[in-house]
file protein_10.tsv (TSV, C-alpha atoms)
chain	number	residue	atom	x	y	z
A	692	MET	CA	114.64	35.35	50.73
A	693	ARG	CA	112.83	32.21	49.69
A	694	LEU	CA	112.79	30.78	46.21
A	695	ARG	CA	109.59	31.50	44.37
A	696	SER	CA	107.96	29.50	41.62
A	697	ASP	CA	105.58	32.16	40.35
A	698	GLY	CA	106.07	33.68	36.93
A	699	PRO	CA	107.71	31.86	34.03
A	700	VAL	CA	110.53	30.43	36.08
A	701	LYS	CA	110.16	27.11	37.85
A	702	ALA	CA	112.36	26.76	40.90
A	703	GLY	CA	112.81	24.47	43.86
A	704	SER	CA	115.30	22.47	45.84
A	705	LEU	CA	116.49	18.94	45.19
A	706	ARG	CA	115.84	18.44	48.91
A	707	ASP	CA	112.15	19.42	48.69
A	708	GLY	CA	109.71	16.82	49.96
A	709	LEU	CA	112.20	14.14	50.92
A	710	PRO	CA	110.46	11.30	52.73
A	711	SER	CA	111.13	10.92	56.44
A	712	ALA	CA	110.87	7.13	56.21
A	713	PRO	CA	111.66	4.48	53.56
A	714	GLN	CA	109.05	4.24	50.81
A	715	ALA	CA	107.70	1.24	48.90
A	716	GLU	CA	108.80	2.73	45.56
A	717	GLU	CA	111.36	5.21	44.34
A	718	LEU	CA	110.02	8.75	43.98
A	719	VAL	CA	110.54	10.26	40.52
A	720	ASP	CA	109.95	13.94	39.70
A	721	ILE	CA	110.41	15.23	36.16
A	722	LEU	CA	112.12	18.62	36.37
A	723	MET	CA	112.60	19.31	32.65
A	724	GLU	CA	111.44	17.45	29.56
A	725	GLY	CA	111.42	17.83	25.81
A	726	PRO	CA	112.01	15.83	22.64
A	727	GLY	CA	114.98	13.53	23.24
A	728	MET	CA	115.62	14.74	26.80
A	729	ARG	CA	114.23	14.18	30.28
A	730	LEU	CA	115.66	15.37	33.58
A	731	GLU	CA	114.53	13.53	36.71
A	732	ARG	CA	115.07	13.76	40.42
A	733	ILE	CA	114.96	10.25	41.83
A	734	VAL	CA	114.73	9.53	45.55
A	735	SER	CA	115.75	6.01	46.58
A	736	THR	CA	115.20	4.61	50.05
A	737	GLY	CA	116.81	1.21	49.76
A	738	GLN	CA	115.45	0.24	46.33
A	739	THR	CA	117.68	-1.77	43.99
A	740	THR	CA	117.36	-3.38	40.58
A	741	ASN	CA	115.85	-6.87	40.71
A	742	ASP	CA	118.44	-9.65	40.92
A	743	ASP	CA	118.06	-10.93	37.38
A	744	GLU	CA	117.49	-7.59	35.66
A	745	TRP	CA	119.68	-5.03	33.89
A	746	TYR	CA	118.89	-1.57	32.68
A	747	ASP	CA	119.57	-1.60	28.93
A	748	GLN	CA	118.54	1.74	27.44
A	749	ALA	CA	118.52	2.98	23.86
A	750	TRP	CA	119.67	6.42	25.03
A	751	ASP	CA	122.56	7.91	27.02
A	752	GLU	CA	122.07	8.57	30.71
A	753	PHE	CA	124.01	10.96	32.91
A	754	VAL	CA	123.49	10.31	36.58
A	755	VAL	CA	124.85	12.20	39.57
A	756	LEU	CA	124.39	11.37	43.22
A	757	VAL	CA	123.20	14.48	45.06
A	758	ALA	CA	122.87	13.01	48.55
A	759	GLY	CA	123.07	9.63	50.25
A	760	ALA	CA	125.08	6.73	48.84
A	761	ALA	CA	124.63	3.93	46.33
A	762	ARG	CA	126.35	1.07	44.56
A	763	LEU	CA	126.07	0.39	40.87
A	764	GLN	CA	127.19	-2.60	38.82
A	765	LEU	CA	128.22	-2.39	35.18
A	766	GLU	CA	128.00	-5.51	33.05
A	767	GLY	CA	131.42	-7.09	32.70
A	768	GLU	CA	132.86	-5.54	35.86
A	769	GLU	CA	133.49	-7.80	38.82
A	770	GLU	CA	133.19	-5.14	41.49
A	771	ASP	CA	130.35	-2.74	42.05
A	772	ARG	CA	131.13	0.97	41.90
A	773	ALA	CA	130.46	2.95	45.06
A	774	LEU	CA	128.88	6.37	44.60
A	775	GLU	CA	128.79	9.17	47.13
A	776	ALA	CA	127.48	12.73	46.94
A	777	GLY	CA	128.91	14.53	43.90
A	778	ASP	CA	129.87	11.36	42.00
A	779	TRP	CA	128.59	11.18	38.43
A	780	MET	CA	128.61	8.64	35.62
A	781	LEU	CA	127.83	8.96	31.94
A	782	LEU	CA	126.31	5.67	30.82
A	783	PRO	CA	126.23	5.35	27.04
A	784	ALA	CA	123.21	3.77	25.36
A	785	HIS	CA	123.09	-0.01	25.87
A	786	CYS	CA	125.65	0.06	28.67
A	787	ARG	CA	123.92	-2.51	30.87
A	788	HIS	CA	123.87	-1.58	34.52
A	789	ARG	CA	122.11	-2.38	37.79
A	790	VAL	CA	121.71	-0.57	41.08
A	791	THR	CA	122.82	-3.02	43.76
A	792	TRP	CA	122.36	-0.87	46.88
A	793	THR	CA	120.97	2.51	47.92
A	794	GLN	CA	121.12	4.16	51.30
A	795	SER	CA	117.62	4.41	52.75
A	796	ASP	CA	117.95	6.83	55.67
A	797	PRO	CA	118.72	9.61	55.03
A	798	PRO	CA	117.40	8.99	51.53
A	799	THR	CA	119.53	8.82	48.41
A	800	VAL	CA	118.88	11.59	45.87
A	801	TRP	CA	119.88	11.31	42.22
A	802	LEU	CA	119.67	13.62	39.23
A	803	ALA	CA	119.34	11.69	35.98
A	804	ILE	CA	119.46	13.09	32.46
A	805	HIS	CA	118.10	10.79	29.76
A	806	TYR	CA	119.27	12.00	26.39
A	807	GLU	CA	118.78	10.45	22.99
A	808	ASP	CA	121.24	11.49	20.33
A	809	SER	CA	120.42	9.01	17.62
A	810	LEU	CA	121.88	9.08	14.16
A	811	SER	CA	118.32	9.05	12.87
A	812	ARG	CA	117.61	12.22	14.82
A	813	ARG	CA	120.55	13.98	13.23
A	814	GLU	CA	119.68	12.67	9.80
A	815	ALA	CA	116.09	13.83	10.22
A	816	GLU	CA	117.35	17.26	11.08
A	817	GLY	CA	119.48	17.29	7.95
A	818	ARG	CA	122.49	18.75	9.71
A	819	SER	CA	125.62	17.27	11.11
A	820	GLU	CA	126.49	19.67	13.91
A	821	ALA	CA	124.95	20.64	17.22
B	545	MET	CA	136.54	1.42	45.75
B	546	ARG	CA	137.44	4.38	43.64
B	547	LEU	CA	135.52	5.48	40.61
B	548	ARG	CA	137.17	4.49	37.38
B	549	SER	CA	136.97	6.20	34.03
B	550	ASP	CA	138.35	3.39	31.91
B	551	GLY	CA	136.07	1.57	29.50
B	552	PRO	CA	133.06	3.15	27.84
B	553	VAL	CA	131.80	4.85	30.98
B	554	LYS	CA	133.01	8.29	31.94
B	555	ALA	CA	132.84	8.99	35.65
B	556	GLY	CA	134.03	11.55	38.15
B	557	SER	CA	132.97	13.79	40.97
B	558	LEU	CA	131.53	17.28	40.77
B	559	ARG	CA	134.10	18.09	43.45
B	560	ASP	CA	137.08	16.98	41.34
B	561	GLY	CA	139.75	19.63	40.83
B	562	LEU	CA	138.12	22.44	42.74
B	563	PRO	CA	140.49	25.41	43.03
B	564	SER	CA	141.96	26.15	46.43
B	565	ALA	CA	141.93	29.90	45.75
B	566	PRO	CA	139.75	32.29	43.74
B	567	GLN	CA	140.41	32.22	39.99
B	568	ALA	CA	140.40	35.00	37.40
B	569	GLU	CA	137.70	33.24	35.37
B	570	GLU	CA	134.96	30.73	36.00
B	571	LEU	CA	135.96	27.13	35.28
B	572	VAL	CA	133.69	25.33	32.85
B	573	ASP	CA	133.83	21.57	32.16
B	574	ILE	CA	131.54	19.98	29.60
B	575	LEU	CA	130.32	16.66	31.02
B	576	MET	CA	127.89	15.66	28.25
B	577	GLU	CA	127.12	17.17	24.87
B	578	GLY	CA	125.07	16.45	21.79
B	579	PRO	CA	122.78	18.14	19.28
B	580	GLY	CA	120.58	20.56	21.21
B	581	MET	CA	122.04	19.72	24.63
B	582	ARG	CA	125.10	20.57	26.70
B	583	LEU	CA	125.75	19.73	30.34
B	584	GLU	CA	128.36	21.83	32.14
B	585	ARG	CA	129.95	21.96	35.54
B	586	ILE	CA	130.71	25.57	36.35
B	587	VAL	CA	132.93	26.63	39.24
B	588	SER	CA	132.55	30.24	40.34
B	589	THR	CA	134.87	31.94	42.78
B	590	GLY	CA	133.26	35.35	43.13
B	591	GLN	CA	132.49	35.97	39.43
B	592	THR	CA	129.30	37.81	38.53
B	593	THR	CA	127.64	39.08	35.36
B	594	ASN	CA	128.87	42.53	34.34
B	595	ASP	CA	126.75	45.38	35.68
B	596	ASP	CA	125.10	46.32	32.42
B	597	GLU	CA	124.72	42.82	30.97
B	598	TRP	CA	121.99	40.18	30.95
B	599	TYR	CA	122.09	36.59	29.81
B	600	ASP	CA	119.46	36.29	27.08
B	601	GLN	CA	119.60	32.81	25.57
B	602	ALA	CA	117.67	31.25	22.69
B	603	TRP	CA	117.45	27.96	24.61
B	604	ASP	CA	116.17	26.76	27.98
B	605	GLU	CA	118.64	26.41	30.85
B	606	PHE	CA	118.27	24.30	33.96
B	607	VAL	CA	120.71	25.28	36.66
B	608	VAL	CA	121.28	23.71	40.06
B	609	LEU	CA	123.64	24.85	42.77
B	610	VAL	CA	125.74	21.90	43.92
B	611	ALA	CA	127.88	23.67	46.52
B	612	GLY	CA	128.55	27.19	47.72
B	613	ALA	CA	126.01	30.00	47.41
B	614	ALA	CA	124.93	32.54	44.81
B	615	ARG	CA	122.44	35.28	44.04
B	616	LEU	CA	120.62	35.58	40.74
B	617	GLN	CA	118.48	38.40	39.38
B	618	LEU	CA	115.61	37.89	36.94
B	619	GLU	CA	114.54	40.80	34.78
B	620	GLY	CA	111.45	42.43	36.23
B	621	GLU	CA	112.04	41.21	39.77
B	622	GLU	CA	113.08	43.75	42.37
B	623	GLU	CA	114.85	41.34	44.67
B	624	ASP	CA	117.62	38.92	43.80
B	625	ARG	CA	117.00	35.25	44.44
B	626	ALA	CA	119.34	33.55	46.87
B	627	LEU	CA	120.52	30.07	45.92
B	628	GLU	CA	122.04	27.52	48.24
B	629	ALA	CA	123.14	23.92	47.70
B	630	GLY	CA	120.33	21.90	46.12
B	631	ASP	CA	118.39	24.89	44.77
B	632	TRP	CA	117.49	24.72	41.08
B	633	MET	CA	115.87	26.99	38.52
B	634	LEU	CA	114.50	26.30	35.06
B	635	LEU	CA	115.07	29.42	33.00
B	636	PRO	CA	113.05	29.40	29.78
B	637	ALA	CA	114.61	30.75	26.60
B	638	HIS	CA	114.87	34.54	26.62
B	639	CYS	CA	114.28	34.80	30.35
B	640	ARG	CA	116.84	37.52	30.99
B	641	HIS	CA	118.92	36.90	34.08
B	642	ARG	CA	122.14	37.95	35.77
B	643	VAL	CA	124.36	36.46	38.43
B	644	THR	CA	124.84	39.17	41.05
B	645	TRP	CA	126.99	37.30	43.59
B	646	THR	CA	128.84	34.02	43.99
B	647	GLN	CA	130.61	32.67	47.04
B	648	SER	CA	134.33	32.47	46.35
B	649	ASP	CA	135.73	30.34	49.17
B	650	PRO	CA	134.81	27.53	49.31
B	651	PRO	CA	133.97	27.78	45.63
B	652	THR	CA	130.48	27.73	44.19
B	653	VAL	CA	129.71	24.72	41.98
B	654	TRP	CA	126.84	24.68	39.46
B	655	LEU	CA	125.45	22.12	37.08
B	656	ALA	CA	123.88	23.74	34.03
B	657	ILE	CA	121.90	22.01	31.28
B	658	HIS	CA	121.47	24.01	28.10
B	659	TYR	CA	118.68	22.51	26.04
B	660	GLU	CA	117.19	23.70	22.80
B	661	ASP	CA	113.71	22.48	22.03
B	662	SER	CA	112.86	24.54	18.99
B	663	LEU	CA	109.70	24.15	16.98
B	664	SER	CA	111.86	23.70	13.91
B	665	ARG	CA	113.58	20.76	15.57
B	666	ARG	CA	110.27	19.07	16.19
B	667	GLU	CA	109.01	19.84	12.71
B	668	ALA	CA	112.20	18.45	11.20
B	669	GLU	CA	111.69	15.27	13.15
B	670	GLY	CA	108.14	15.01	11.83
B	671	ARG	CA	106.69	14.04	15.18
B	672	SER	CA	104.93	15.90	17.91
B	673	GLU	CA	105.84	13.92	20.99
B	674	ALA	CA	109.00	13.30	22.96
call {"tool": "encode", "arguments": {"input": "protein_10.tsv", "output": "structure tokens"}}
result
Amino acid sequence: MRLRSDGPVKAGSLRDGLPSAPQAEELVDILMEGPGMRLERIVSTGQTTNDDEWYDQAWDEFVVLVAGAARLQLEGEEEDRALEAGDWMLLPAHCRHRVTWTQSDPPTVWLAIHYEDSLSRREAEGRSEA
Amino acid sequence: MRLRSDGPVKAGSLRDGLPSAPQAEELVDILMEGPGMRLERIVSTGQTTNDDEWYDQAWDEFVVLVAGAARLQLEGEEEDRALEAGDWMLLPAHCRHRVTWTQSDPPTVWLAIHYEDSLSRREAEGRSEA
């Protein structure tokens, strides 16, 4: 049977709506979101980070390559890291990184979890455990 | 090049260490964890929820099938839902569900995000937006 999205349960496939040709921009779909957390499906078709730019985020990011292939550079490392389907990385806050290559056809599909676990958040909650 | 796990960045593959034969229990690896959030890789080799049991969780769960195949039943639905690689579901808190079948060989690999977005958490933070 087919997946259904009626009722309280959202459902789909990470392969839904993949473009059949390279796009001008990455496609980003938010699958789940709440305070301190956002889950995205990102579809890259050749996009990379600009030459002189780094991602430098105040939150942790978990990224997993679902399909396609990519290369990612971490600040301070001489060689890029090659990612293929199933490969994941947990990038702590302020770990500067750049995407240096993405496969365009078939497209590259990522899942990314942005998660902020700040000390201030825990202090505001007045508890020290999860 | 190979992925490396030295330095501040944890990295791996969702296909690392998959069992070559069915196991007595599901294998669960925690890939990321913090207050209100836990990301798990789960490897099923035929395990299902017991006949008279339902999962009934106080938090939201996002689940995506990475490899293999499974069937999942939602309370109130007559037919199971079939999941194949790439299929995801967002199960809101207290959406009762059961796993009725998992492919054992090759094993079934899931990613599951458990996320608690309670009103009390938001109130404690004293803000209404993410």
call {"tool": "closest_atom_pairs", "arguments": {"input": "protein_10.tsv", "of": "chain B", "to": "chain A", "cutoff": "6 Å", "atoms": "all atoms listed in the file", "output": "tab-separated table"}}
result
residue	atom	partner	partner_atom	distance
B:Val553	CA	A:Leu782	CA	5.6
B:Lys554	CA	A:Leu781	CA	5.2
B:Ala555	CA	A:Met780	CA	4.2
B:Gly556	CA	A:Trp779	CA	5.5
B:Ser557	CA	A:Asp778	CA	4.1
B:Leu558	CA	A:Gly777	CA	4.9
B:Pro579	CA	A:Ala821	CA	3.9
B:Gly580	CA	A:Ala821	CA	5.9
B:Gly630	CA	A:Leu705	CA	4.9
B:Asp631	CA	A:Ser704	CA	4.1
B:Trp632	CA	A:Gly703	CA	5.4
B:Met633	CA	A:Ala702	CA	4.2
B:Leu634	CA	A:Lys701	CA	5.2
B:Leu635	CA	A:Val700	CA	5.6
B:Ala668	CA	A:Glu816	CA	5.3
B:Glu669	CA	A:Ala815	CA	5.5
B:Ala674	CA	A:Pro726	CA	3.9
call {"tool": "write_last_selection", "arguments": {"input": "protein_10.tsv", "atoms": "C-alpha atoms", "output": "PDB file, in the frame of the given file"}}
result
ATOM      1  CA  VAL B 553     131.800   4.850  30.980  1.00  0.00           C
ATOM      2  CA  LYS B 554     133.010   8.290  31.940  1.00  0.00           C
ATOM      3  CA  ALA B 555     132.840   8.990  35.650  1.00  0.00           C
ATOM      4  CA  GLY B 556     134.030  11.550  38.150  1.00  0.00           C
ATOM      5  CA  SER B 557     132.970  13.790  40.970  1.00  0.00           C
ATOM      6  CA  LEU B 558     131.530  17.280  40.770  1.00  0.00           C
ATOM      7  CA  PRO B 579     122.780  18.140  19.280  1.00  0.00           C
ATOM      8  CA  GLY B 580     120.580  20.560  21.210  1.00  0.00           C
ATOM      9  CA  GLY B 630     120.330  21.900  46.120  1.00  0.00           C
ATOM     10  CA  ASP B 631     118.390  24.890  44.770  1.00  0.00           C
ATOM     11  CA  TRP B 632     117.490  24.720  41.080  1.00  0.00           C
ATOM     12  CA  MET B 633     115.870  26.990  38.520  1.00  0.00           C
ATOM     13  CA  LEU B 634     114.500  26.300  35.060  1.00  0.00           C
ATOM     14  CA  LEU B 635     115.070  29.420  33.000  1.00  0.00           C
ATOM     15  CA  ALA B 668     112.200  18.450  11.200  1.00  0.00           C
ATOM     16  CA  GLU B 669     111.690  15.270  13.150  1.00  0.00           C
ATOM     17  CA  ALA B 674     109.000  13.300  22.960  1.00  0.00           C
TER      18      ALA B 674
END
call {"tool": "closest_residue", "arguments": {"input": "protein_10.tsv", "among": "B:Asp573, B:Asp596, B:His658, B:Val653", "to": "His641 of chain B", "atoms": "all atoms listed in the file"}}
result
B:Asp596
call {"tool": "closest_residue", "arguments": {"input": "protein_10.tsv", "among": "A:Gln738, A:Arg732, A:Glu769, A:Gly759", "to": "Glu717 of chain A", "atoms": "only C-alpha atoms"}}
result
A:Gln738
call {"tool": "atom_distance", "arguments": {"input": "protein_10.tsv", "atom1": "atom CA of Gly620 of chain B", "atom2": "atom CA of Arg642 of chain B"}}
result
11.6 Å
call {"tool": "atom_distance", "arguments": {"input": "protein_10.tsv", "atom1": "atom CA of Ala712 of chain A", "atom2": "atom CA of Thr793 of chain A"}}
result
13.9 Å
call {"tool": "closest_residue", "arguments": {"input": "protein_10.tsv", "among": "B:Thr593, B:Trp603, B:Ala613, B:Trp598", "to": "Thr644 of chain B", "atoms": "only C-alpha atoms"}}
result
B:Thr593
call {"tool": "residues_near_point", "arguments": {"input": "protein_10.tsv", "point": "(121.5, 1.9, 51.7)", "cutoff": "9 Å", "atoms": "all atoms listed in the file", "output": "ChimeraX atom specification"}}
result
/A:735-738,759-762,792-799
call {"tool": "atom_distance", "arguments": {"input": "protein_10.tsv", "atom1": "atom CA of Trp801 of chain A", "atom2": "atom CA of Glu584 of chain B"}}
result
16.9 Å
